[in-house]
>>> print(open('target.cif').read())   # mmCIF, C-alpha atoms (C1' of nucleotides)
data_my_file
#
loop_
_atom_site.label_atom_id
_atom_site.label_comp_id
_atom_site.auth_asym_id
_atom_site.auth_seq_id
_atom_site.Cartn_x
_atom_site.Cartn_y
_atom_site.Cartn_z
CA MET A 1 55.21 -41.85 27.27
CA GLN A 2 53.09 -43.91 24.95
CA LYS A 3 53.74 -47.51 24.15
CA GLY A 4 55.81 -47.83 21.01
CA LYS A 5 56.80 -44.18 20.83
CA LYS A 6 60.40 -43.27 20.44
CA HIS A 7 62.24 -40.92 22.70
CA SER A 8 65.77 -39.81 23.06
CA GLY A 9 67.24 -40.19 26.49
CA ASN A 10 71.01 -40.11 26.62
CA GLY A 11 71.46 -39.49 22.94
CA ILE A 12 70.47 -43.02 22.02
CA LYS A 13 67.09 -43.54 20.37
CA TRP A 14 65.14 -46.53 21.51
CA LYS A 15 61.60 -47.79 21.69
CA THR A 16 59.72 -47.43 24.91
CA LYS A 17 57.51 -50.39 25.61
CA PHE A 18 57.98 -50.39 29.36
CA HIS A 19 61.31 -52.07 28.96
CA THR A 20 64.74 -50.62 29.12
CA ASN A 21 67.45 -50.60 26.55
CA PRO A 22 70.18 -52.85 27.92
CA MET A 23 72.76 -50.87 25.96
CA ALA A 24 71.65 -47.51 27.33
CA SER A 25 73.19 -46.19 30.49
CA GLY A 26 71.63 -43.11 32.05
CA THR A 27 72.88 -40.69 34.66
CA LYS A 28 73.39 -42.22 38.07
CA LEU A 29 71.40 -40.37 40.70
CA SER A 30 73.52 -38.65 43.32
CA ARG A 31 72.98 -37.83 46.98
CA ASP A 32 71.10 -34.61 46.25
CA PHE A 33 68.23 -36.53 44.69
CA PHE A 34 67.65 -38.60 47.81
CA ILE A 35 68.05 -36.07 50.59
CA ARG A 36 64.89 -34.20 49.57
CA ASP A 37 61.54 -34.77 51.27
CA VAL A 38 60.05 -38.20 50.62
CA LEU A 39 56.95 -36.65 49.03
CA ASP A 40 59.19 -35.10 46.38
CA VAL A 41 61.46 -38.10 45.91
CA ALA A 42 58.74 -40.76 45.64
CA PRO A 43 56.98 -39.44 42.51
CA ASP A 44 60.34 -38.58 40.96
CA LEU A 45 61.44 -42.20 41.26
CA ILE A 46 58.70 -43.28 38.89
CA GLY A 47 60.25 -43.80 35.47
CA LYS A 48 63.80 -44.00 36.77
CA ASN A 49 65.83 -47.15 36.26
CA LEU A 50 66.61 -49.47 39.13
CA VAL A 51 69.97 -50.95 38.13
CA ILE A 52 71.26 -54.17 39.62
CA LYS A 53 74.51 -55.94 39.00
CA PHE A 54 73.87 -59.62 39.62
CA PRO A 55 76.45 -61.98 41.15
CA ASP A 56 77.19 -63.41 37.70
CA GLY A 57 78.20 -59.96 36.48
CA THR A 58 75.21 -59.23 34.27
CA VAL A 59 73.44 -55.92 34.76
CA GLY A 60 69.67 -55.49 34.81
CA ARG A 61 67.79 -52.22 34.37
CA TYR A 62 64.17 -51.94 35.44
CA ILE A 63 61.87 -48.96 35.13
CA VAL A 64 60.28 -48.16 38.48
CA THR A 65 56.50 -48.23 38.01
CA GLU A 66 54.99 -48.08 41.50
CA VAL A 67 56.14 -46.72 44.86
CA GLU A 68 54.78 -45.53 48.20
CA ALA A 69 56.06 -42.80 50.50
CA TYR A 70 56.44 -43.34 54.25
CA ARG A 71 57.03 -40.20 56.25
CA GLY A 72 58.02 -41.11 59.78
CA SER A 73 57.81 -37.78 61.49
CA GLU A 74 54.08 -37.53 60.95
CA ASP A 75 53.04 -40.88 59.48
CA LYS A 76 51.67 -43.62 61.73
CA ALA A 77 52.01 -46.13 58.88
CA CYS A 78 55.78 -45.61 58.82
CA HIS A 79 57.82 -48.18 60.73
CA ALA A 80 59.92 -45.40 62.20
CA PHE A 81 56.91 -43.53 63.58
CA LYS A 82 57.36 -44.95 67.08
CA GLY A 83 61.06 -44.24 67.11
CA ARG A 84 64.41 -45.82 66.46
CA THR A 85 64.76 -49.61 66.68
CA SER A 86 67.43 -51.90 65.26
CA ARG A 87 65.21 -52.56 62.26
CA THR A 88 64.38 -48.94 61.48
CA GLU A 89 67.81 -47.56 62.38
CA ILE A 90 68.79 -46.96 58.76
CA MET A 91 65.79 -44.70 58.15
CA PHE A 92 67.36 -42.16 60.48
CA HIS A 93 70.37 -41.81 58.20
CA GLU A 94 70.48 -39.35 55.32
CA GLY A 95 68.82 -40.33 52.05
CA GLY A 96 70.20 -42.82 49.57
CA ARG A 97 70.51 -45.91 51.75
CA LEU A 98 68.34 -49.03 51.49
CA TYR A 99 65.87 -50.04 54.18
CA ILE A 100 65.18 -53.77 53.81
CA TYR A 101 62.84 -55.72 56.04
CA PHE A 102 61.26 -59.16 56.12
CA ILE A 103 57.51 -59.62 56.32
CA TYR A 104 54.85 -62.34 56.48
CA GLY A 105 57.55 -64.94 56.92
CA MET A 106 58.41 -64.89 53.23
CA TYR A 107 59.07 -61.54 51.64
CA TRP A 108 61.81 -58.94 51.63
CA MET A 109 60.65 -55.36 51.08
CA LEU A 110 62.86 -52.90 49.22
CA ASN A 111 62.78 -49.31 50.46
CA ILE A 112 64.91 -46.27 49.68
CA VAL A 113 65.68 -43.95 52.57
CA THR A 114 65.12 -40.26 51.80
CA GLY A 115 65.50 -36.92 53.52
CA LYS A 116 68.05 -35.57 55.92
CA GLU A 117 69.64 -37.26 58.89
CA ASN A 118 67.31 -37.90 61.84
CA ASP A 119 64.20 -37.38 59.72
CA PRO A 120 63.10 -40.99 59.12
CA GLN A 121 61.51 -41.44 55.71
CA ALA A 122 61.54 -44.10 53.02
CA VAL A 123 60.04 -45.03 49.68
CA LEU A 124 58.75 -48.57 49.25
CA ILE A 125 59.38 -49.88 45.76
CA ARG A 126 56.17 -51.74 44.94
CA GLY A 127 56.80 -52.52 41.30
CA VAL A 128 59.09 -52.26 38.32
CA GLU A 129 58.35 -53.03 34.70
CA ASN A 130 56.96 -56.54 34.32
CA ILE A 131 57.33 -57.28 38.02
CA ASP A 132 54.26 -56.08 39.85
CA GLY A 133 54.36 -56.46 43.63
CA PRO A 134 56.97 -55.63 46.28
CA GLY A 135 57.49 -59.23 47.36
CA LYS A 136 57.74 -60.61 43.84
CA LEU A 137 60.15 -57.86 42.89
CA THR A 138 62.72 -58.66 45.56
CA ARG A 139 62.29 -62.38 45.02
CA SER A 140 63.00 -62.19 41.30
CA LEU A 141 65.86 -59.70 41.65
CA GLY A 142 67.51 -61.55 44.52
CA ILE A 143 67.27 -58.67 46.99
CA ASP A 144 67.49 -59.78 50.59
CA ARG A 145 68.79 -58.82 54.02
CA SER A 146 72.31 -58.43 52.66
CA TYR A 147 71.17 -55.20 50.98
CA TYR A 148 70.17 -53.57 54.27
CA GLY A 149 71.95 -50.22 54.57
CA GLU A 150 73.46 -50.41 51.09
CA ASP A 151 74.15 -46.94 49.71
CA LEU A 152 72.68 -46.30 46.25
CA VAL A 153 75.21 -43.52 45.73
CA THR A 154 78.33 -45.64 46.26
CA SER A 155 77.23 -49.27 45.81
CA GLU A 156 78.80 -51.35 43.05
CA ARG A 157 75.79 -53.64 42.79
CA ILE A 158 72.68 -51.46 43.01
CA TRP A 159 71.88 -47.89 42.05
CA ILE A 160 69.31 -45.70 40.27
CA GLU A 161 69.70 -44.04 36.87
CA ASN A 162 67.81 -41.32 35.03
CA ASP A 163 67.63 -41.95 31.31
CA GLY A 164 65.34 -39.03 30.56
CA PHE A 165 62.07 -40.93 30.66
CA THR A 166 59.44 -38.70 32.32
CA PRO A 167 56.15 -40.60 32.60
CA ILE A 168 52.80 -39.26 33.68
CA VAL A 169 52.57 -40.12 37.36
CA LYS A 170 49.25 -41.01 38.97
CA ASN A 171 48.71 -41.35 42.68
CA GLY A 172 46.33 -42.86 45.19
CA GLN A 173 46.06 -44.40 48.63
CA ARG A 174 48.71 -46.69 49.98
CA ILE A 175 48.09 -50.42 50.27
CA GLY A 176 48.05 -52.69 53.30
CA ILE A 177 48.08 -50.11 56.09
CA GLU A 178 44.51 -50.22 57.39
CA TYR A 179 45.88 -50.52 60.90
CA ALA A 180 47.27 -46.98 60.72
CA GLY A 181 43.78 -45.47 60.65
CA GLU A 182 42.88 -41.97 59.52
CA PRO A 183 44.24 -39.73 58.28
CA TRP A 184 47.30 -41.76 57.39
CA LYS A 185 45.66 -44.68 55.60
CA SER A 186 44.00 -42.23 53.20
CA LYS A 187 47.05 -40.16 52.36
CA PRO A 188 47.55 -40.25 48.57
CA TRP A 189 51.18 -41.26 48.89
CA ARG A 190 51.21 -44.16 46.45
CA TYR A 191 52.57 -43.20 43.04
CA TYR A 192 52.44 -45.22 39.85
CA ILE A 193 52.53 -45.09 36.08
"C1'" DT B 1 37.95 -65.00 50.73
"C1'" DC B 2 42.19 -66.78 53.68
"C1'" DA B 3 46.34 -69.50 55.25
"C1'" DG B 4 51.36 -69.64 55.17
"C1'" DT B 5 55.62 -68.26 57.39
"C1'" DG B 6 59.31 -66.24 60.54
"C1'" DA B 7 61.80 -61.74 61.84
"C1'" DT B 8 60.83 -58.06 64.79
"C1'" DT B 9 58.87 -55.91 68.61
"C1'" DA B 10 56.70 -54.82 73.08
"C1'" DG B 11 55.91 -56.57 77.39
"C1'" DG B 12 56.49 -59.62 81.52
"C1'" DC C 1 61.23 -65.66 77.92
"C1'" DT C 2 56.42 -65.28 75.33
"C1'" DA C 3 52.89 -63.75 72.02
"C1'" DA C 4 51.10 -60.54 68.61
"C1'" DT C 5 51.91 -58.30 64.52
"C1'" DC C 6 52.71 -57.82 59.66
"C1'" DA C 7 54.37 -51.79 53.43
"C1'" DC C 8 52.34 -59.76 50.85
"C1'" DT C 9 51.20 -63.54 47.69
"C1'" DG C 10 48.83 -67.25 45.58
"C1'" DA C 11 45.51 -70.67 45.70
"C1'" DG C 12 40.48 -71.72 45.86
#
>>> encode(input="target.cif", output="structure tokens")
Amino acid sequence: MQKGKKHSGNGIKWKTKFHTNPMASGTKLSRDFFIRDVLDVAPDLIGKNLVIKFPDGTVGRYIVTEVEAYRGSEDKACHAFKGRTSRTEIMFHEGGRLYIYFIYGMYWMLNIVTGKENDPQAVLIRGVENIDGPGKLTRSLGIDRSYYGEDLVTSERIWIENDGFTPIVKNGQRIGIEYAGEPWKSKPWRYYI
DNA sequence: TCAGTGATTAGG
DNA sequence: CTAATCACTGAG
């Protein structure tokens, strides 16, 4: 989708300039979307709207622009690779739940669990429109530990919507996982607009 | 380039 | 209990 071009999503025409139409409400993604393999879900999340209902009642919609896939069963870079711990517990549930963890003493990371039960996978949300960076994203949206385990399918305060926007998705290596070594650190499992 | 900052984890 | 690690960010 080019900057400034118009497209019709849910019947409402609006300009796409990497910002969402606050009046437009797309289709909420259901369980089926999330229980697929993480390598299918991750690129499909690009261009979808992350919707958050803030404590004051206002609702924000943010186009997802950058994500990374973590595939526990075969991926040394995935936190669940070594097995189930209290932190990674939620990744063993079926897709649609949130995996939140704290890192570097300052930042909460927002991940969406994917796949079937007992197949630990998750998608790290690295960026949304105008908020580039996983730590900055959670900081500015107020996402913290209280969102751990939240279900995107049933939650009243956070979910994902499809408004028909289908961007061209690029991909490349994931960031910050040198420690995982080859072949994992070179897997092209980072997806972005 | 490099320090800050604290939950989580593995290991004794 | 202890120490190492870390899906990052911002300043210099």
>>> resolve_selection(input="target.cif", expression="the PyMOL selection byres ((chain B) within 10 of (chain A))", output="list in words")
DG4, DT5, DG6, DA7, DT8 and DT9 of chain B
>>> resolve_selection(input="target.cif", expression="the PyMOL selection byres ((chain C) within 10 of (chain A))", output="VMD selection string")
chain C and resid 5 to 9
>>> atom_distance(input="target.cif", atom1="atom CA of A:Leu29", atom2="atom CA of A:Val113")
13.7 Å
>>> resolve_selection(input="target.cif", expression="the PyMOL selection byres ((chain C and resi 1) around 12)", output="ChimeraX atom specification")
/B:11-12 /C:2-3
>>> residues_around(input="target.cif", residues="A:Val153", least_positions_apart="4", cutoff="7 Å", atoms="all atoms listed in the file", output="JSON, numbers by chain")
{"A": [30, 31, 96, 159]}
>>> atom_distance(input="target.cif", atom1="atom CA of A:Tyr179", atom2="atom CA of A:Thr114")
23.6 Å
>>> residues_around(input="target.cif", residues="A:Ser73", least_positions_apart="3", cutoff="10 Å", atoms="all atoms listed in the file", output="VMD selection string")
chain A and resid 70 76 78 80 to 83 118 to 121
>>> atom_distance(input="target.cif", atom1="atom CA of A:Thr58", atom2="atom CA of A:Thr138")
16.8 Å
>>> build_atoms(input="target.cif", residues="stretch 67-94 of chain A", atoms="N, CA and C atoms", output="PDB file, in the coordinates of the input")
ATOM      1  N   VAL A  67      55.473 -46.919  43.572  1.00  0.00           N
ATOM      2  CA  VAL A  67      56.140 -46.720  44.860  1.00  0.00           C
ATOM      3  C   VAL A  67      55.155 -46.162  45.894  1.00  0.00           C
ATOM      4  N   GLU A  68      55.563 -46.180  47.144  1.00  0.00           N
ATOM      5  CA  GLU A  68      54.780 -45.530  48.200  1.00  0.00           C
ATOM      6  C   GLU A  68      55.727 -44.767  49.111  1.00  0.00           C
ATOM      7  N   ALA A  69      55.257 -43.620  49.605  1.00  0.00           N
ATOM      8  CA  ALA A  69      56.060 -42.800  50.500  1.00  0.00           C
ATOM      9  C   ALA A  69      55.656 -43.058  51.951  1.00  0.00           C
ATOM     10  N   TYR A  70      56.659 -43.183  52.810  1.00  0.00           N
ATOM     11  CA  TYR A  70      56.440 -43.340  54.250  1.00  0.00           C
ATOM     12  C   TYR A  70      57.213 -42.247  54.962  1.00  0.00           C
ATOM     13  N   ARG A  71      56.489 -41.437  55.724  1.00  0.00           N
ATOM     14  CA  ARG A  71      57.030 -40.200  56.250  1.00  0.00           C
ATOM     15  C   ARG A  71      56.971 -40.222  57.767  1.00  0.00           C
ATOM     16  N   GLY A  72      58.015 -40.796  58.365  1.00  0.00           N
ATOM     17  CA  GLY A  72      58.020 -41.110  59.780  1.00  0.00           C
ATOM     18  C   GLY A  72      57.617 -40.037  60.762  1.00  0.00           C
ATOM     19  N   SER A  73      58.057 -38.830  60.519  1.00  0.00           N
ATOM     20  CA  SER A  73      57.810 -37.780  61.490  1.00  0.00           C
ATOM     21  C   SER A  73      56.338 -37.499  61.736  1.00  0.00           C
ATOM     22  N   GLU A  74      55.499 -37.814  60.751  1.00  0.00           N
ATOM     23  CA  GLU A  74      54.080 -37.530  60.950  1.00  0.00           C
ATOM     24  C   GLU A  74      53.188 -38.696  60.556  1.00  0.00           C
ATOM     25  N   ASP A  75      53.786 -39.818  60.142  1.00  0.00           N
ATOM     26  CA  ASP A  75      53.040 -40.880  59.480  1.00  0.00           C
ATOM     27  C   ASP A  75      52.984 -42.158  60.319  1.00  0.00           C
ATOM     28  N   LYS A  76      51.818 -42.443  60.866  1.00  0.00           N
ATOM     29  CA  LYS A  76      51.670 -43.620  61.730  1.00  0.00           C
ATOM     30  C   LYS A  76      51.932 -44.922  60.987  1.00  0.00           C
ATOM     31  N   ALA A  77      51.783 -44.913  59.670  1.00  0.00           N
ATOM     32  CA  ALA A  77      52.010 -46.130  58.880  1.00  0.00           C
ATOM     33  C   ALA A  77      53.497 -46.409  58.676  1.00  0.00           C
ATOM     34  N   CYS A  78      54.339 -45.442  59.009  1.00  0.00           N
ATOM     35  CA  CYS A  78      55.780 -45.610  58.820  1.00  0.00           C
ATOM     36  C   CYS A  78      56.377 -46.396  59.984  1.00  0.00           C
ATOM     37  N   HIS A  79      57.226 -47.357  59.680  1.00  0.00           N
ATOM     38  CA  HIS A  79      57.820 -48.180  60.730  1.00  0.00           C
ATOM     39  C   HIS A  79      58.620 -47.368  61.734  1.00  0.00           C
ATOM     40  N   ALA A  80      59.088 -46.218  61.314  1.00  0.00           N
ATOM     41  CA  ALA A  80      59.920 -45.400  62.200  1.00  0.00           C
ATOM     42  C   ALA A  80      59.088 -44.423  63.038  1.00  0.00           C
ATOM     43  N   PHE A  81      57.787 -44.478  62.885  1.00  0.00           N
ATOM     44  CA  PHE A  81      56.910 -43.530  63.580  1.00  0.00           C
ATOM     45  C   PHE A  81      57.101 -43.580  65.094  1.00  0.00           C
ATOM     46  N   LYS A  82      57.242 -44.788  65.623  1.00  0.00           N
ATOM     47  CA  LYS A  82      57.360 -44.950  67.080  1.00  0.00           C
ATOM     48  C   LYS A  82      58.771 -44.698  67.598  1.00  0.00           C
ATOM     49  N   GLY A  83      59.694 -44.518  66.670  1.00  0.00           N
ATOM     50  CA  GLY A  83      61.060 -44.240  67.110  1.00  0.00           C
ATOM     51  C   GLY A  83      62.066 -45.214  66.542  1.00  0.00           C
ATOM     52  N   ARG A  84      63.283 -45.057  66.987  1.00  0.00           N
ATOM     53  CA  ARG A  84      64.410 -45.820  66.460  1.00  0.00           C
ATOM     54  C   ARG A  84      64.473 -47.217  67.063  1.00  0.00           C
ATOM     55  N   THR A  85      64.533 -48.230  66.230  1.00  0.00           N
ATOM     56  CA  THR A  85      64.760 -49.610  66.680  1.00  0.00           C
ATOM     57  C   THR A  85      65.880 -50.153  65.797  1.00  0.00           C
ATOM     58  N   SER A  86      66.338 -51.362  66.075  1.00  0.00           N
ATOM     59  CA  SER A  86      67.430 -51.900  65.260  1.00  0.00           C
ATOM     60  C   SER A  86      66.983 -52.073  63.821  1.00  0.00           C
ATOM     61  N   ARG A  87      65.702 -52.382  63.628  1.00  0.00           N
ATOM     62  CA  ARG A  87      65.210 -52.560  62.260  1.00  0.00           C
ATOM     63  C   ARG A  87      65.143 -51.238  61.513  1.00  0.00           C
ATOM     64  N   THR A  88      64.609 -50.215  62.163  1.00  0.00           N
ATOM     65  CA  THR A  88      64.380 -48.940  61.480  1.00  0.00           C
ATOM     66  C   THR A  88      65.564 -47.982  61.531  1.00  0.00           C
ATOM     67  N   GLU A  89      66.613 -48.393  62.210  1.00  0.00           N
ATOM     68  CA  GLU A  89      67.810 -47.560  62.380  1.00  0.00           C
ATOM     69  C   GLU A  89      68.230 -46.823  61.101  1.00  0.00           C
ATOM     70  N   ILE A  90      68.268 -47.542  60.005  1.00  0.00           N
ATOM     71  CA  ILE A  90      68.790 -46.960  58.760  1.00  0.00           C
ATOM     72  C   ILE A  90      67.940 -45.794  58.249  1.00  0.00           C
ATOM     73  N   MET A  91      66.661 -45.780  58.621  1.00  0.00           N
ATOM     74  CA  MET A  91      65.790 -44.700  58.150  1.00  0.00           C
ATOM     75  C   MET A  91      66.155 -43.345  58.759  1.00  0.00           C
ATOM     76  N   PHE A  92      66.943 -43.398  59.833  1.00  0.00           N
ATOM     77  CA  PHE A  92      67.360 -42.160  60.480  1.00  0.00           C
ATOM     78  C   PHE A  92      68.630 -41.581  59.863  1.00  0.00           C
ATOM     79  N   HIS A  93      69.197 -42.316  58.901  1.00  0.00           N
ATOM     80  CA  HIS A  93      70.370 -41.810  58.200  1.00  0.00           C
ATOM     81  C   HIS A  93      69.920 -40.887  57.070  1.00  0.00           C
ATOM     82  N   GLU A  94      70.870 -40.222  56.432  1.00  0.00           N
ATOM     83  CA  GLU A  94      70.480 -39.350  55.320  1.00  0.00           C
ATOM     84  C   GLU A  94      70.109 -40.211  54.115  1.00  0.00           C
TER      85      GLU A  94
END
